[in-house]
file coords_10.csv (CSV, C-alpha atoms)
chain,number,residue,atom,x,y,z
D,180,MET,CA,8.5,0.6,4.1
D,181,ILE,CA,10.2,0.4,7.5
D,182,ARG,CA,8.3,-1.7,10.0
D,183,VAL,CA,8.1,-0.7,13.6
D,184,ALA,CA,6.6,-2.5,16.6
D,185,CYS,CA,5.0,-0.2,19.2
D,186,PHE,CA,4.6,-1.7,22.7
D,187,ASP,CA,2.4,-0.9,25.6
D,188,THR,CA,0.1,1.0,23.3
D,189,LYS,CA,-3.0,2.8,24.5
D,190,SER,CA,-5.7,4.4,22.2
D,191,TYR,CA,-4.3,7.9,22.6
D,192,ASP,CA,-0.8,6.6,21.5
D,193,LYS,CA,-2.2,5.1,18.3
D,194,GLU,CA,-4.2,8.3,17.6
D,195,TRP,CA,-1.2,10.6,17.8
D,196,PHE,CA,1.3,8.3,16.1
D,197,ASP,CA,-1.0,7.8,13.2
D,198,ARG,CA,-1.4,11.6,12.9
D,199,LYS,CA,2.3,12.2,12.9
D,200,ASN,CA,3.5,9.2,10.9
D,201,ASN,CA,2.5,10.4,7.5
D,202,GLY,CA,2.7,6.9,6.1
D,203,GLU,CA,6.5,6.8,6.4
D,204,PHE,CA,6.6,3.9,8.8
D,205,GLN,CA,4.4,0.8,9.1
D,206,ILE,CA,3.7,0.7,12.8
D,207,LYS,CA,2.3,-2.4,14.4
D,208,TYR,CA,0.6,-1.6,17.7
D,209,TYR,CA,0.7,-4.0,20.6
D,210,GLU,CA,-1.0,-3.5,24.0
D,211,ASN,CA,1.6,-5.8,25.5
D,212,LYS,CA,4.5,-4.4,27.5
D,213,LEU,CA,7.9,-5.0,26.0
D,214,ASN,CA,9.9,-7.7,27.8
D,215,VAL,CA,11.8,-10.9,26.9
D,216,ASP,CA,8.6,-12.8,26.3
D,217,THR,CA,6.9,-10.3,24.1
D,218,ALA,CA,9.9,-9.1,22.1
D,219,LYS,CA,9.2,-11.8,19.5
D,220,LEU,CA,6.2,-9.7,18.4
D,221,ALA,CA,8.8,-7.4,16.8
D,222,HIS,CA,9.7,-10.2,14.3
D,223,GLY,CA,10.1,-8.7,10.8
D,224,CYS,CA,10.5,-5.1,12.2
D,225,GLN,CA,13.5,-2.9,12.1
D,226,ALA,CA,12.7,-0.8,15.2
D,227,VAL,CA,10.6,-0.8,18.3
D,228,ILE,CA,8.9,2.0,20.2
D,229,ALA,CA,8.9,1.4,24.0
D,230,PHE,CA,7.6,3.1,27.1
D,231,VAL,CA,8.6,3.9,30.7
D,232,ASN,CA,7.5,0.6,32.3
D,233,ASP,CA,8.7,-1.8,29.6
D,234,SER,CA,11.4,-4.2,30.8
D,235,ILE,CA,14.4,-3.6,28.4
D,236,ASP,CA,16.9,-5.7,30.3
D,237,LYS,CA,19.8,-7.9,29.0
D,238,GLU,CA,17.6,-10.8,27.9
D,239,THR,CA,15.1,-8.5,26.1
D,240,ILE,CA,17.9,-6.6,24.2
D,241,ASP,CA,19.5,-9.9,23.2
D,242,GLU,CA,16.2,-11.1,21.8
D,243,LEU,CA,15.6,-7.8,19.9
D,244,TYR,CA,19.1,-7.9,18.5
D,245,GLN,CA,18.6,-11.5,17.3
D,246,LEU,CA,15.4,-10.3,15.6
D,247,GLY,CA,17.4,-7.6,13.7
D,248,ILE,CA,16.1,-4.6,15.6
D,249,LYS,CA,18.3,-1.6,14.9
D,250,VAL,CA,16.9,1.1,17.2
D,251,ILE,CA,14.8,1.4,20.3
D,252,ALA,CA,12.8,4.6,20.3
D,253,MET,CA,11.6,5.5,23.9
D,254,ARG,CA,8.5,7.6,23.7
D,255,CYS,CA,9.3,9.1,27.1
D,256,ALA,CA,12.2,11.0,28.8
D,257,GLY,CA,13.1,8.3,31.4
D,258,TYR,CA,15.4,5.4,30.5
D,259,ASN,CA,16.3,3.7,33.8
D,260,ASN,CA,14.6,0.5,32.6
D,261,ILE,CA,17.2,-0.1,29.9
D,262,ASP,CA,20.4,-2.1,30.1
D,263,PHE,CA,22.7,0.2,28.2
D,264,LYS,CA,25.8,-1.9,28.6
D,265,GLU,CA,24.1,-4.7,26.8
D,266,ALA,CA,22.6,-2.4,24.1
D,267,TYR,CA,26.0,-0.7,23.4
D,268,ASN,CA,27.2,-1.4,19.8
D,269,LYS,CA,24.1,-3.5,19.2
D,270,ILE,CA,21.0,-1.3,19.2
D,271,ALA,CA,20.8,2.5,19.3
D,272,VAL,CA,18.5,4.0,21.9
D,273,VAL,CA,16.8,7.3,21.5
D,274,ARG,CA,14.3,9.2,23.6
D,275,VAL,CA,12.0,12.2,23.9
D,276,PRO,CA,13.9,14.5,26.3
D,277,GLY,CA,11.3,17.2,26.6
D,278,TYR,CA,7.7,16.6,25.4
D,279,SER,CA,5.9,19.2,27.6
D,280,PRO,CA,7.5,20.3,30.8
D,281,HIS,CA,4.4,22.4,31.4
D,282,ALA,CA,2.2,19.3,31.5
D,283,VAL,CA,4.2,17.6,34.3
D,284,ALA,CA,4.9,20.7,36.2
D,285,GLU,CA,1.2,21.8,36.2
D,286,HIS,CA,0.2,18.3,37.3
D,287,ALA,CA,2.6,18.6,40.2
D,288,MET,CA,1.0,21.8,41.3
D,289,ALA,CA,-2.5,20.3,40.8
D,290,LEU,CA,-1.5,17.5,43.2
D,291,LEU,CA,-0.3,20.0,45.7
D,292,LEU,CA,-3.4,22.2,45.5
D,293,CYS,CA,-5.8,19.2,45.6
D,294,LEU,CA,-4.0,17.7,48.6
D,295,ASN,CA,-3.6,20.9,50.5
D,296,ARG,CA,-7.2,22.1,50.1
D,297,LYS,CA,-8.6,18.6,50.5
D,298,ILE,CA,-10.4,18.9,47.1
D,299,HIS,CA,-10.4,15.1,46.8
D,300,ARG,CA,-12.2,14.7,50.1
D,301,ALA,CA,-14.6,17.6,49.4
D,302,TYR,CA,-15.6,16.1,46.0
D,303,ILE,CA,-16.6,12.8,47.5
D,304,ARG,CA,-18.3,14.4,50.5
D,305,THR,CA,-20.5,16.8,48.5
D,306,ARG,CA,-21.7,14.0,46.2
D,307,ASP,CA,-23.4,12.7,49.3
D,308,TYR,CA,-24.8,16.1,50.0
D,309,ASN,CA,-22.5,16.5,52.9
D,310,PHE,CA,-21.4,20.1,53.0
D,311,SER,CA,-19.6,20.1,56.3
D,312,LEU,CA,-16.2,21.9,56.3
D,313,LYS,CA,-14.8,19.7,59.1
D,314,GLY,CA,-11.4,18.4,58.3
D,315,LEU,CA,-10.9,20.5,55.1
D,316,ILE,CA,-8.5,23.1,56.5
D,317,GLY,CA,-5.5,23.8,54.3
D,318,PHE,CA,-2.8,26.4,54.3
D,319,ASP,CA,-1.8,29.4,52.2
D,320,LEU,CA,1.0,28.6,49.7
D,321,TYR,CA,1.9,32.3,49.7
D,322,LYS,CA,5.3,32.8,51.5
D,323,LYS,CA,5.7,29.1,52.2
D,324,THR,CA,9.0,27.4,51.3
D,325,ILE,CA,9.0,24.8,48.6
D,326,GLY,CA,12.1,22.6,47.9
D,327,VAL,CA,12.5,21.6,44.3
D,328,VAL,CA,14.8,18.6,43.7
D,329,GLY,CA,16.0,18.8,40.1
D,330,THR,CA,16.1,21.9,38.0
D,331,GLY,CA,15.8,20.6,34.5
D,332,LYS,CA,13.1,21.6,32.1
D,333,ILE,CA,10.3,20.4,34.2
D,334,GLY,CA,11.8,21.7,37.5
D,335,LYS,CA,12.3,25.2,36.1
D,336,VAL,CA,8.7,25.4,34.9
D,337,PHE,CA,7.5,24.2,38.3
D,338,ILE,CA,9.7,26.8,40.0
D,339,ASP,CA,8.1,29.6,37.9
D,340,ILE,CA,4.6,28.3,38.9
D,341,CYS,CA,5.6,28.3,42.5
D,342,LYS,CA,7.0,31.8,42.3
D,343,GLY,CA,3.7,32.9,40.8
D,344,PHE,CA,2.0,31.7,44.0
D,345,GLY,CA,4.5,33.9,46.0
D,346,MET,CA,6.4,30.9,47.4
D,347,ARG,CA,10.1,31.0,48.5
D,348,VAL,CA,11.9,28.4,46.4
D,349,LEU,CA,14.9,26.3,47.4
D,350,ALA,CA,16.5,24.0,44.9
D,351,TYR,CA,19.0,21.2,44.7
D,352,ASP,CA,20.6,19.8,41.6
D,353,LEU,CA,23.9,18.0,40.9
D,354,TYR,CA,24.4,20.4,38.0
D,355,PRO,CA,23.0,23.8,39.2
D,356,ASP,CA,21.9,26.2,36.5
D,357,GLN,CA,23.8,29.4,37.6
D,358,SER,CA,22.2,31.4,34.8
D,359,LYS,CA,18.8,31.3,36.5
D,360,ASP,CA,17.7,33.2,39.6
D,361,ILE,CA,17.4,30.0,41.7
D,362,GLU,CA,18.5,29.6,45.4
D,363,TYR,CA,20.5,26.4,45.4
D,364,VAL,CA,21.1,24.7,48.8
D,365,SER,CA,22.3,21.3,50.1
D,366,LEU,CA,19.8,18.4,50.0
D,367,GLU,CA,19.8,18.3,53.8
D,368,THR,CA,18.9,22.1,54.0
D,369,LEU,CA,16.2,21.6,51.4
D,370,PHE,CA,14.6,18.8,53.4
D,371,SER,CA,14.8,20.5,56.7
D,372,GLU,CA,13.6,24.0,55.7
D,373,SER,CA,10.9,23.2,53.1
D,374,ASP,CA,7.1,23.1,53.8
D,375,VAL,CA,6.7,21.3,50.5
D,376,ILE,CA,9.2,19.1,48.7
D,377,SER,CA,8.7,18.3,45.0
D,378,LEU,CA,10.8,15.8,43.1
D,379,HIS,CA,11.8,16.5,39.4
D,380,CYS,CA,15.0,14.5,38.9
D,381,PRO,CA,15.9,11.3,37.1
D,382,LEU,CA,16.2,7.9,38.7
D,383,THR,CA,19.9,6.9,39.1
D,384,GLU,CA,21.8,4.6,41.5
D,385,GLU,CA,22.6,7.8,43.5
D,386,SER,CA,19.0,9.2,43.6
D,387,LYS,CA,17.2,5.9,44.3
D,388,HIS,CA,15.4,6.2,47.6
D,389,MET,CA,16.6,9.7,48.2
D,390,ILE,CA,13.4,10.0,50.3
D,391,ASN,CA,14.0,7.3,53.0
D,392,ALA,CA,13.7,6.8,56.7
D,393,ASP,CA,16.7,9.0,57.5
D,394,THR,CA,15.8,11.9,55.2
D,395,LEU,CA,12.2,11.8,56.3
D,396,LYS,CA,13.4,12.5,59.8
D,397,LEU,CA,14.9,15.8,58.6
D,398,MET,CA,11.6,17.1,57.4
D,399,LYS,CA,9.1,19.3,59.1
D,400,GLN,CA,6.1,17.5,60.7
D,401,ASP,CA,3.7,19.4,58.4
D,402,ALA,CA,5.8,18.9,55.3
D,403,VAL,CA,4.1,17.7,52.1
D,404,ILE,CA,5.9,15.5,49.5
D,405,ILE,CA,5.1,15.7,45.7
D,406,ASN,CA,6.5,13.2,43.3
D,407,THR,CA,5.9,13.3,39.5
D,408,SER,CA,9.2,11.9,38.4
D,409,ARG,CA,10.1,8.3,39.2
D,410,GLY,CA,8.5,6.2,41.9
D,411,ALA,CA,11.8,4.7,43.2
D,412,LEU,CA,13.0,8.1,44.3
D,413,ILE,CA,10.9,7.4,47.4
D,414,ASP,CA,11.2,4.4,49.7
D,415,SER,CA,7.5,3.6,49.8
D,416,GLU,CA,7.6,1.7,53.1
D,417,ALA,CA,9.5,4.5,54.8
D,418,LEU,CA,7.0,7.0,53.4
D,419,LEU,CA,4.0,4.9,54.6
D,420,ALA,CA,5.6,4.7,58.1
D,421,ALA,CA,6.1,8.4,58.3
D,422,LEU,CA,2.6,9.2,57.2
D,423,LYS,CA,1.1,6.7,59.7
D,424,GLU,CA,3.2,8.1,62.5
D,425,GLU,CA,2.2,11.7,61.4
D,426,ARG,CA,5.8,12.7,61.0
D,427,ILE,CA,4.9,14.4,57.7
D,428,SER,CA,1.6,15.9,56.6
D,429,GLY,CA,0.8,14.3,53.3
D,430,ALA,CA,2.0,13.1,49.9
D,431,GLY,CA,0.9,13.6,46.3
D,432,LEU,CA,2.2,10.8,44.0
D,433,ASP,CA,1.9,10.4,40.3
D,434,VAL,CA,4.4,7.6,40.3
D,435,TYR,CA,5.1,4.6,42.5
D,436,GLU,CA,8.2,2.4,42.7
D,437,GLU,CA,6.3,-0.9,42.0
D,438,GLU,CA,4.0,0.6,39.4
D,439,SER,CA,5.2,-1.3,36.3
D,440,ASP,CA,2.5,-4.1,36.6
D,441,LEU,CA,-0.2,-1.8,37.8
D,442,PHE,CA,-0.3,1.6,36.3
D,443,PHE,CA,-1.9,2.4,32.9
D,444,GLU,CA,-4.2,-0.7,33.4
D,445,ASP,CA,-7.6,-1.2,34.9
D,446,ASN,CA,-7.1,-3.4,38.0
D,447,SER,CA,-10.5,-2.6,39.6
D,448,ASP,CA,-11.6,-6.3,39.4
D,449,THR,CA,-8.5,-7.7,41.0
D,450,ILE,CA,-7.5,-8.2,44.6
D,451,PRO,CA,-4.5,-5.9,45.4
D,452,LYS,CA,-1.3,-7.8,46.1
D,453,ASP,CA,0.8,-4.7,47.0
D,454,ASP,CA,0.0,-4.1,50.7
D,455,VAL,CA,2.0,-0.8,50.8
D,456,LEU,CA,0.2,0.7,47.9
D,457,SER,CA,-3.2,-0.5,49.3
D,458,LEU,CA,-2.4,1.3,52.6
D,459,LEU,CA,-1.2,4.4,50.8
D,460,VAL,CA,-4.3,4.6,48.7
D,461,GLY,CA,-6.4,4.3,51.8
D,462,LEU,CA,-4.9,7.3,53.7
D,463,PRO,CA,-6.9,10.5,53.6
D,464,ASN,CA,-3.8,12.7,53.3
D,465,VAL,CA,-2.4,10.8,50.2
D,466,ILE,CA,-3.4,11.4,46.6
D,467,ILE,CA,-2.1,8.9,44.0
D,468,THR,CA,-2.7,9.4,40.3
D,469,SER,CA,-1.8,6.9,37.6
D,470,HIS,CA,1.4,8.4,36.1
D,471,GLN,CA,-0.7,10.8,34.1
D,472,GLY,CA,1.4,13.9,34.5
D,473,PHE,CA,2.4,13.7,30.8
D,474,LEU,CA,-1.2,13.2,29.6
D,475,THR,CA,-2.1,16.4,27.7
D,476,ASN,CA,-2.8,16.8,24.0
D,477,GLU,CA,0.3,19.0,23.6
D,478,ALA,CA,2.5,16.4,25.3
D,479,LEU,CA,1.1,13.5,23.3
D,480,SER,CA,1.6,15.4,20.1
D,481,ASN,CA,5.2,16.3,20.9
D,482,ILE,CA,6.0,12.7,22.0
D,483,ALA,CA,4.7,11.2,18.8
D,484,GLU,CA,6.3,13.8,16.6
D,485,THR,CA,9.7,13.6,18.3
D,486,THR,CA,9.7,9.8,18.3
D,487,ILE,CA,8.9,9.7,14.6
D,488,GLU,CA,11.7,12.3,14.0
D,489,ASN,CA,14.1,10.1,16.0
D,490,LEU,CA,13.3,7.1,13.8
D,491,ARG,CA,13.5,9.1,10.6
D,492,ALA,CA,16.9,10.5,11.6
D,493,TYR,CA,18.2,7.0,12.4
D,494,PHE,CA,17.1,5.4,9.1
D,495,HIS,CA,18.2,8.4,7.1
D,496,ASN,CA,21.7,8.3,8.7
D,497,GLU,CA,21.1,11.8,10.2
D,498,PRO,CA,22.6,13.0,13.5
D,499,LEU,CA,20.8,11.4,16.5
D,500,ILE,CA,20.4,14.4,18.6
D,501,ASN,CA,18.2,12.5,21.1
D,502,GLU,CA,20.4,9.4,21.4
D,503,ILE,CA,21.1,8.3,24.9
D,504,CYS,CA,24.8,8.0,25.4
D,505,TYR,CA,26.1,4.8,27.0
D,506,PHE,CA,29.3,6.4,28.1
D,507,CYS,CA,28.0,9.4,30.0
D,508,GLN,CA,24.4,8.8,31.0
D,509,PRO,CA,23.1,10.3,33.1
D,510,GLY,CA,25.5,13.2,33.7
D,511,GLY,CA,27.2,13.9,30.4
D,512,THR,CA,30.7,14.3,31.9
D,513,ASN,CA,32.6,11.3,30.7
D,514,PRO,CA,35.6,12.4,28.7
D,515,ASP,CA,35.5,9.2,26.6
D,516,CYS,CA,32.1,10.2,25.2
D,517,ARG,CA,32.3,10.7,21.4
D,518,LYS,CA,29.1,12.7,21.4
D,519,GLN,CA,30.4,15.1,24.0
D,520,LYS,CA,33.6,15.7,22.0
D,521,GLU,CA,31.3,16.7,19.2
D,522,GLY,CA,29.6,19.1,21.5
D,523,ARG,CA,26.2,17.5,21.3
D,524,CYS,CA,25.8,15.2,24.2
D,525,PHE,CA,22.7,15.9,26.3
call {"tool": "encode", "arguments": {"input": "coords_10.csv", "output": "structure tokens"}}
result
Amino acid sequence: MIRVACFDTKSYDKEWFDRKNNGEFQIKYYENKLNVDTAKLAHGCQAVIAFVNDSIDKETIDELYQLGIKVIAMRCAGYNNIDFKEAYNKIAVVRVPGYSPHAVAEHAMALLLCLNRKIHRAYIRTRDYNFSLKGLIGFDLYKKTIGVVGTGKIGKVFIDICKGFGMRVLAYDLYPDQSKDIEYVSLETLFSESDVISLHCPLTEESKHMINADTLKLMKQDAVIINTSRGALIDSEALLAALKEERISGAGLDVYEEESDLFFEDNSDTIPKDDVLSLLVGLPNVIITSHQGFLTNEALSNIAETTIENLRAYFHNEPLINEICYFCQPGGTNPDCRKQKEGRCF
């Protein structure tokens, strides 16, 4: 039986992987995040299952390769935490490209609705029997302009949700989908004309800190920013400064650029070391959730099922339709890509 080490495991991960495994793989579950120090836990295994905040750098990959690991199965869509140059020709890397776009898109809208209508503040207030409406004024989403950065699977679902609210949608994507009724504009136009800006794009060298001190200056004073993609799309210090100076209206964040040692864990008994996060959490016009946009039964089921299928395909020498290509990630345009020549690169 093929042995697999699953890192950064939570109870819900184990539940769904056990359901979908059907006894084909012997999965060893570890709560530890995968990094160069914990990689040794995969001794005797042929594969590892990893997650979004694991550190899969050069040293970790070298350690896994020496242990005989053949494939890294990411149980998420993101992969910016992997050194693909080091993994190339050593360890195959597969992912779950679309587990439930509805889960993340709906969470983005939940953040917007909660932030706009001050639900988080009203909830705390009424628990103390304070039923005052002071400070709880929001705005109609109807006819407001929302800028959606990234029109992949999640972005398109989110656009449909926004249109259901009667919002005008502007969009930006490096690879526009011309088959859809989407109004694409430049990033500068999107930032300057949108009442709400929602991020649904991958983290790359080009997209890192796309929300920064300069782009924040382009936005309306009453603009709201929503991020359910990757934390480092936003320069957190610049965002904090803009919020404190009231140059934007608010932010709903399911991700944070320094989240790897914090999110998914109970840190309630520790003294916060991250001053920026501490200040963001304390602002009344900021909502931060713990990277839970994916956390629905449907998404967890799809993640486990696709990850098991990816492992099965690898060990049965079947086509790896969810392999991440070293040559052309993230855009899929490199002419040297063997997968693209076969017409199957993502």
call {"tool": "residues_near_point", "arguments": {"input": "coords_10.csv", "point": "(5.5, 11.9, 47.3)", "cutoff": "9 Å", "atoms": "all atoms listed in the file", "output": "PDB file with C-alpha atoms, in the frame of the given file"}}
result
ATOM      1  CA  ILE D 376       9.200  19.100  48.700  1.00  0.00           C
ATOM      2  CA  SER D 377       8.700  18.300  45.000  1.00  0.00           C
ATOM      3  CA  LEU D 378      10.800  15.800  43.100  1.00  0.00           C
ATOM      4  CA  ILE D 390      13.400  10.000  50.300  1.00  0.00           C
ATOM      5  CA  VAL D 403       4.100  17.700  52.100  1.00  0.00           C
ATOM      6  CA  ILE D 404       5.900  15.500  49.500  1.00  0.00           C
ATOM      7  CA  ILE D 405       5.100  15.700  45.700  1.00  0.00           C
ATOM      8  CA  ASN D 406       6.500  13.200  43.300  1.00  0.00           C
ATOM      9  CA  THR D 407       5.900  13.300  39.500  1.00  0.00           C
ATOM     10  CA  GLY D 410       8.500   6.200  41.900  1.00  0.00           C
ATOM     11  CA  LEU D 412      13.000   8.100  44.300  1.00  0.00           C
ATOM     12  CA  ILE D 413      10.900   7.400  47.400  1.00  0.00           C
ATOM     13  CA  SER D 415       7.500   3.600  49.800  1.00  0.00           C
ATOM     14  CA  LEU D 418       7.000   7.000  53.400  1.00  0.00           C
ATOM     15  CA  GLY D 429       0.800  14.300  53.300  1.00  0.00           C
ATOM     16  CA  ALA D 430       2.000  13.100  49.900  1.00  0.00           C
ATOM     17  CA  GLY D 431       0.900  13.600  46.300  1.00  0.00           C
ATOM     18  CA  LEU D 432       2.200  10.800  44.000  1.00  0.00           C
ATOM     19  CA  ASP D 433       1.900  10.400  40.300  1.00  0.00           C
ATOM     20  CA  VAL D 434       4.400   7.600  40.300  1.00  0.00           C
ATOM     21  CA  TYR D 435       5.100   4.600  42.500  1.00  0.00           C
ATOM     22  CA  VAL D 465      -2.400  10.800  50.200  1.00  0.00           C
ATOM     23  CA  ILE D 466      -3.400  11.400  46.600  1.00  0.00           C
ATOM     24  CA  ILE D 467      -2.100   8.900  44.000  1.00  0.00           C
TER      25      ILE D 467
END
call {"tool": "atom_distance", "arguments": {"input": "coords_10.csv", "atom1": "CA of Ile333 (chain D)", "atom2": "CA of Ser365 (chain D)"}}
result
19.9 Å
call {"tool": "closest_residue", "arguments": {"input": "coords_10.csv", "among": "D:Asn201, D:Ser311, D:Ser408, D:Thr368", "to": "Glu436 (chain D)", "atoms": "only C-alpha atoms"}}
result
D:Ser408
call {"tool": "closest_residue", "arguments": {"input": "coords_10.csv", "among": "D:Phe310, D:Ser469, D:Glu203, D:Ala218", "to": "Asp445 (chain D)", "atoms": "only C-alpha atoms"}}
result
D:Ser469
call {"tool": "closest_residue", "arguments": {"input": "coords_10.csv", "among": "D:Gly317, D:Pro276, D:Gly202, D:Gly223", "to": "Pro381 (chain D)", "atoms": "only C-alpha atoms"}}
result
D:Pro276
call {"tool": "atom_distance", "arguments": {"input": "coords_10.csv", "atom1": "CA of Glu437 (chain D)", "atom2": "CA of Asn260 (chain D)"}}
result
12.6 Å
call {"tool": "residues_around", "arguments": {"input": "coords_10.csv", "residues": "Arg347 (chain D)", "least_positions_apart": "2", "cutoff": "12 Å", "atoms": "only C-alpha atoms", "output": "number ranges by chain"}}
result
D: 320-327, 338-345, 349-350, 360-363, 369, 372-376
call {"tool": "decode", "arguments": {"input": "coords_10.csv", "residues": "region 323-341 of chain D", "atoms": "C-alpha atoms", "output": "PDB file, in the first residue's frame"}}
result
ATOM      1  CA  LYS D 323     -22.821  50.645  -6.895  1.00  0.00           C
ATOM      2  CA  THR D 324     -19.685  49.826  -8.889  1.00  0.00           C
ATOM      3  CA  ILE D 325     -17.617  46.830  -7.855  1.00  0.00           C
ATOM      4  CA  GLY D 326     -14.178  46.141  -9.290  1.00  0.00           C
ATOM      5  CA  VAL D 327     -13.250  42.468  -9.542  1.00  0.00           C
ATOM      6  CA  VAL D 328      -9.544  41.727  -9.980  1.00  0.00           C
ATOM      7  CA  GLY D 329      -9.229  38.260 -11.481  1.00  0.00           C
ATOM      8  CA  THR D 330     -11.942  36.535 -13.493  1.00  0.00           C
ATOM      9  CA  GLY D 331     -11.104  32.880 -13.019  1.00  0.00           C
ATOM     10  CA  LYS D 332     -13.628  30.414 -11.630  1.00  0.00           C
ATOM     11  CA  ILE D 333     -14.067  32.217  -8.316  1.00  0.00           C
ATOM     12  CA  GLY D 334     -14.057  35.666  -9.869  1.00  0.00           C
ATOM     13  CA  LYS D 335     -16.791  34.726 -12.352  1.00  0.00           C
ATOM     14  CA  VAL D 336     -19.027  33.289  -9.622  1.00  0.00           C
ATOM     15  CA  PHE D 337     -18.491  36.436  -7.566  1.00  0.00           C
ATOM     16  CA  ILE D 338     -19.405  38.586 -10.564  1.00  0.00           C
ATOM     17  CA  ASP D 339     -22.668  36.671 -10.955  1.00  0.00           C
ATOM     18  CA  ILE D 340     -23.446  37.259  -7.262  1.00  0.00           C
ATOM     19  CA  CYS D 341     -22.735  40.974  -7.621  1.00  0.00           C
TER      20      CYS D 341
END
